[in-house]
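Shown next, in structure tokens, is the structure this report addresses.
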Amino acid sequence: MTTEAMYQSLGVSPEVYAYGERVLKALEGRFKEIDETAEYNQCKVLAAMHKNRVNAAHFAATTGYGYNDDGRDTLERVYADCFHTEAALVRPQITCGTHALTVALSANLLPGDELLSPVGAPYDTLEEVIGIRESVGSLKEYGVTYAQADLKPDGTFDYPAIERAINERTKLITIQRSKGYATRPTFSVQQIGDLIAFCKRVKPDVICMVDNCYGEFVERIEPSDVRADLIVGSLIKNPGGGLAPIGGYICGRADLVERCAYRLSAPGLGQEVGANLGLMPALYQGFFLAPTVTAGALKGAIFAANLYERLGFRCVPNATESRHDIIQAVELGSAEGMVAFCKGIQAAAPVDSYVDPIPWAMPGYDSEVIMAAGAFVQGSSIELSADGPIREPYAVYFQGGLTWQHAKLGILMSLQKMKEKGLVPEKLPE
Ligand SMILES: *Cc1c(COP(=O)(O)O)cnc(C)c1O
């Protein structure tokens with residue numbers, strides 16, 4: 001059986017497959033660059049594992065208090081060495097990215113301090129953490145105030161506004177690397193470095209924290225290489241490599257990370273407690289795979305942008321721009337388009353492929369939302385998934401794919417479903 005026939009047996013027509021191959025032809029150079037970055041980052045991860053003499057004893061499960069958990073402590077040193085930081089807190093007890101960010105913020109901000117975001121509004125879930133939207137337990141409730149400098153209309157940093165916003169109470173500056181589900185550009189690590197350098201010139205002792213979600217291993221350097229004091233992320237995104245079933249990390253300056261450990265467990269206990277519950281093999285192996293998994297997801301995002309842009313759909317980032325995270329938005333222009341796209345992603349999934357995604361009212365959203373995900377780990381967004389609110393501009397946000405081959409099938413299936421609904425031209429571009 002040919003590969004084309006294999007795709008046909010999965011539901012992708014020869015025309016859609018052939019169009020995909022035409023699009024791919026032009027991407028060889030970019031894919032090679034992505035592979036080179038993955039190769040570099042694989043070396044980085046392995047060097048950290050070698051240095052810390054990772055061995056089978058580190059995979060043993062611990063329970064209860066988890067005292068003397070050598071596997072857990074060594075994993076933290078591996079993260080710290082890989083990201084070039086003094087210390088790391090990497091724990092299954094950190095339940096998600098929002099939790100990791102909450103720990104980092106609440107550990108390092110005290111009553112009377114001010115938090116500043118110099119890059120506009122933060123990720124949705126942080127609004128309640130900070131108290132931008134009122135919530136029980138927010139930083140605001142504890143007397144921590146919040147200031148924000150918006151980006152300029154072209155998506156660049158508004159340095160005069162940032163300088164004006166930094167005052168004697170500004171204790172911590174939070175910089176979100178990925179655009180998340182906003183429309184601004186994602187920042188390169190170098191841009192983040194420029195911003196950090198500026199902030200530290202204005203106020204040398206200010207703590208610069210980077211929300212690194214979706215950005216890990218996309219480039220050869222991380223924000224911790226450009227003077228970020230803390231970098232924070234989720235293990236069910238890039239650094240978990242698809243194998244981590246839960247967890248988050250905080251890497252950075254030892255004194256700041258220690259405060260995080262005291263906040264996560266209890267003052268005085270810190271990093272000494274926290275059983276690994278048998279998750280060490282998944283966390284080590286996931287980190288080992290993370291550079292190549294991230295590369296596969298990146299290829300998927302670039303393939304989708306090129307496939308859909310040629311059909312006249314606006315893509316953010318566009319087909320040719322450089323990448324700093326793994327998220328791809330495709331503006332499909334109609335509710336039917338979003339539904340068809342998501343049906344295709346779902347149909348390609350290894351899990352729940354037979355499920356039919358439909359738009360649904362979700363708490364906290366003012367319009368219906370559609371989601372496609374067939375993941376091994378619930379909510380994992382390093383696995384192939386797509387979602388979006390059913391409203392103008394009818395954009396789906398698409399990310400992940402544990403293998404490039406799976407991402408490719410998902411994207412071809414999305415186009416197949418669009419084509420079956422008559423939402424793309426009968427004859428696909430040459
Ligand atoms: C995903 C994400 C978060 C929150 O992570 P959860 O694991 O969903 O809580 C925060 N910031 C950014 C930029 C993200 O992409």
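Starting from 1 in every chain, residues are counted up; chains themselves are A, B, ... following the order of the structure tokens, and ligands are numbered from 1 as listed.
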
At a cut-off of 12 Å, using only C-alpha atoms, what residues contact Pro153 in chain A? Leave out same-chain residues fewer than 5 positions from it and give the result as a PyMOL selection string. chain A and resi 119-120+158+183-185

What residues have any atom no more than 6 Å from ligand 1 when counting only C-alpha atoms and all ligand atoms, and can you list them as number ranges by chain? A: 96-98, 123, 176, 178, 180, 211, 213-214, 234

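Using only C-alpha atoms for every distance, the candidate list A:Ala107, A:Ile250, A:Ile327, A:Val369 yields A:Val369 as the residue closest to Asp387 in chain A.
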
10 Å contact set for Gln378 in chain A, only C-alpha atoms, chain neighbours under 4 positions out, as a ChimeraX atom specification: /A:236,245-246,373-374,383

Find the spatial neighbours of range 297-311 of chain A, counting only C-alpha atoms, within a cut-off of 6 Å - ignore same-chain residues fewer than 3 positions away - and output them as a compact mmCIF listing (two decimals) with C-alpha atoms, in the first residue's frame.
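Printed below is result-v6.txt as written:
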# COMPACT_ATOMS: atom_id res chain seq x y z
CA THR A 294 8.28 20.63 20.30
CA ARG A 314 -5.58 34.76 7.43
CA CYS A 315 -3.09 32.96 9.64
CA ALA A 319 3.10 31.40 6.58
CA ILE A 326 3.80 26.56 19.02
CA GLN A 328 -1.21 28.75 15.31
CA GLY A 400 0.59 20.57 19.49
CA GLY A 401 1.05 17.16 18.04
CA ALA A 407 -0.03 16.82 13.26

Considering only C-alpha atoms, return as an MDAnalysis selection string whatever protein or nucleic-acid residues lie within 12 Å of Leu428 in chain A, sequence-local ones (same chain, fewer than 2 positions apart) excluded. chainID A and resid 13:23 307:308 310:312 415:416 418:419 422:426 430

Sel. of strand (DSSP E) residues, range 8-203 of chain A, as a PyMOL selection string: chain A and resi 87-91+114-117+145-148+170-176

I need the residues from that last selection saved to file as an mmCIF file, in the first residue's frame (with N, CA, C and O atoms), if you can.
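Saved the output as part-v9.cif:
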data_model
loop_
_atom_site.group_PDB
_atom_site.id
_atom_site.type_symbol
_atom_site.label_atom_id
_atom_site.label_comp_id
_atom_site.auth_asym_id
_atom_site.auth_seq_id
_atom_site.Cartn_x
_atom_site.Cartn_y
_atom_site.Cartn_z
ATOM 1 N N ALA A 87 18.615 27.450 40.389
ATOM 2 C CA ALA A 87 17.742 26.502 41.085
ATOM 3 C C ALA A 87 16.498 26.222 40.251
ATOM 4 O O ALA A 87 16.191 26.952 39.302
ATOM 5 N N ALA A 88 15.810 25.142 40.614
ATOM 6 C CA ALA A 88 14.560 24.790 39.930
ATOM 7 C C ALA A 88 13.629 24.096 40.903
ATOM 8 O O ALA A 88 14.066 23.363 41.802
ATOM 9 N N LEU A 89 12.350 24.356 40.717
ATOM 10 C CA LEU A 89 11.301 23.658 41.447
ATOM 11 C C LEU A 89 10.458 22.987 40.366
ATOM 12 O O LEU A 89 9.838 23.673 39.547
ATOM 13 N N VAL A 90 10.489 21.646 40.330
ATOM 14 C CA VAL A 90 9.773 20.901 39.277
ATOM 15 C C VAL A 90 8.946 19.844 39.984
ATOM 16 O O VAL A 90 9.508 18.886 40.524
ATOM 17 N N ARG A 91 7.659 19.994 40.012
ATOM 18 C CA ARG A 91 6.858 19.169 40.911
ATOM 19 C C ARG A 91 5.535 18.749 40.301
ATOM 20 O O ARG A 91 4.845 19.571 39.678
ATOM 21 N N GLU A 114 3.996 46.109 44.161
ATOM 22 C CA GLU A 114 3.247 46.200 42.909
ATOM 23 C C GLU A 114 3.831 45.255 41.868
ATOM 24 O O GLU A 114 5.047 45.097 41.748
ATOM 25 N N LEU A 115 2.913 44.648 41.130
ATOM 26 C CA LEU A 115 3.249 43.771 40.010
ATOM 27 C C LEU A 115 3.031 44.574 38.732
ATOM 28 O O LEU A 115 2.030 45.278 38.600
ATOM 29 N N LEU A 116 3.958 44.452 37.791
ATOM 30 C CA LEU A 116 3.804 45.169 36.517
ATOM 31 C C LEU A 116 3.858 44.196 35.351
ATOM 32 O O LEU A 116 4.766 43.367 35.274
ATOM 33 N N SER A 117 2.887 44.315 34.444
ATOM 34 C CA SER A 117 2.991 43.628 33.154
ATOM 35 C C SER A 117 3.299 44.671 32.088
ATOM 36 O O SER A 117 2.463 45.533 31.802
ATOM 37 N N THR A 145 -0.786 45.368 44.467
ATOM 38 C CA THR A 145 -1.446 46.095 43.384
ATOM 39 C C THR A 145 -0.848 45.678 42.040
ATOM 40 O O THR A 145 0.194 45.033 41.983
ATOM 41 N N TYR A 146 -1.551 46.078 40.986
ATOM 42 C CA TYR A 146 -1.173 45.653 39.637
ATOM 43 C C TYR A 146 -1.129 46.849 38.703
ATOM 44 O O TYR A 146 -2.017 47.709 38.737
ATOM 45 N N ALA A 147 -0.110 46.917 37.896
ATOM 46 C CA ALA A 147 -0.023 47.963 36.867
ATOM 47 C C ALA A 147 0.293 47.299 35.533
ATOM 48 O O ALA A 147 0.860 46.203 35.486
ATOM 49 N N GLN A 148 -0.110 47.973 34.476
ATOM 50 C CA GLN A 148 0.064 47.388 33.142
ATOM 51 C C GLN A 148 0.483 48.471 32.163
ATOM 52 O O GLN A 148 -0.058 49.572 32.171
ATOM 53 N N THR A 170 7.268 48.884 42.617
ATOM 54 C CA THR A 170 7.331 47.816 41.610
ATOM 55 C C THR A 170 8.343 46.758 42.051
ATOM 56 O O THR A 170 9.545 47.019 42.122
ATOM 57 N N LYS A 171 7.828 45.578 42.337
ATOM 58 C CA LYS A 171 8.707 44.536 42.888
ATOM 59 C C LYS A 171 9.020 43.478 41.826
ATOM 60 O O LYS A 171 10.128 42.974 41.758
ATOM 61 N N LEU A 172 8.007 43.177 41.020
ATOM 62 C CA LEU A 172 8.159 42.066 40.072
ATOM 63 C C LEU A 172 7.518 42.447 38.742
ATOM 64 O O LEU A 172 6.431 43.022 38.709
ATOM 65 N N ILE A 173 8.222 42.137 37.683
ATOM 66 C CA ILE A 173 7.721 42.413 36.335
ATOM 67 C C ILE A 173 7.454 41.079 35.661
ATOM 68 O O ILE A 173 8.334 40.210 35.622
ATOM 69 N N THR A 174 6.225 40.876 35.199
ATOM 70 C CA THR A 174 5.868 39.600 34.573
ATOM 71 C C THR A 174 5.753 39.784 33.061
ATOM 72 O O THR A 174 5.053 40.678 32.576
ATOM 73 N N ILE A 175 6.484 38.962 32.340
ATOM 74 C CA ILE A 175 6.529 39.065 30.876
ATOM 75 C C ILE A 175 6.027 37.753 30.289
ATOM 76 O O ILE A 175 6.607 36.701 30.527
ATOM 77 N N GLN A 176 4.935 37.832 29.567
ATOM 78 C CA GLN A 176 4.386 36.627 28.939
ATOM 79 C C GLN A 176 4.996 36.484 27.549
ATOM 80 O O GLN A 176 4.831 37.346 26.700
#

When you look at Tyr65 in chain A with a cut-off of 8 Å (counting only C-alpha atoms), what residues show up, excluding the ones that are within fewer than 2 positions of it in the same chain? I need them as an MDAnalysis selection string. chainID A and resid 63 67 273:275

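Every protein or nucleic acid residue with an atom no more than 10 Å from Ser353 in chain A, counting only C-alpha atoms and leaving out same-chain residues fewer than 6 positions away, appears here: Lys343, Gly344, Ile345, Gln346, Ala347, Ala372, Ala373, Gly374 and Ala375 of chain A.
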
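If you measure from each of A:Asn52, A:Leu409, A:Lys417, A:Ala80 to Met6 in chain A using only C-alpha atoms, the closest one turns out to be A:Leu409.
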
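Among A:Ser367, A:Thr3, A:Thr292, A:Asn55, the residue with the shortest atom-to-atom distance to Ala335 in chain A, counting only C-alpha atoms, is A:Ser367.
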
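Using only C-alpha atoms for every distance, the candidate list A:Leu402, A:Ile382, A:Leu289, A:Cys260 yields A:Leu289 as the residue closest to Leu46 in chain A.
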
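As for CA of Ala161 in chain A and CA of Gly137 in chain A, they are spaced 29.3 Å apart.
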
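Considering the residues A:Val396, A:Ser414, A:Tyr79, A:Lys421 and counting only C-alpha atoms, Val45 in chain A has its shortest atom-to-atom contact with A:Tyr79.
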
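Minimum distance to His58 in chain A across A:Asn276, A:Ser322, A:Thr85, A:Gln405 (counting only C-alpha atoms) occurs at A:Asn276.
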
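Note that CA of Asp35 in chain A and CA of Gly410 in chain A are 20.6 Å apart.
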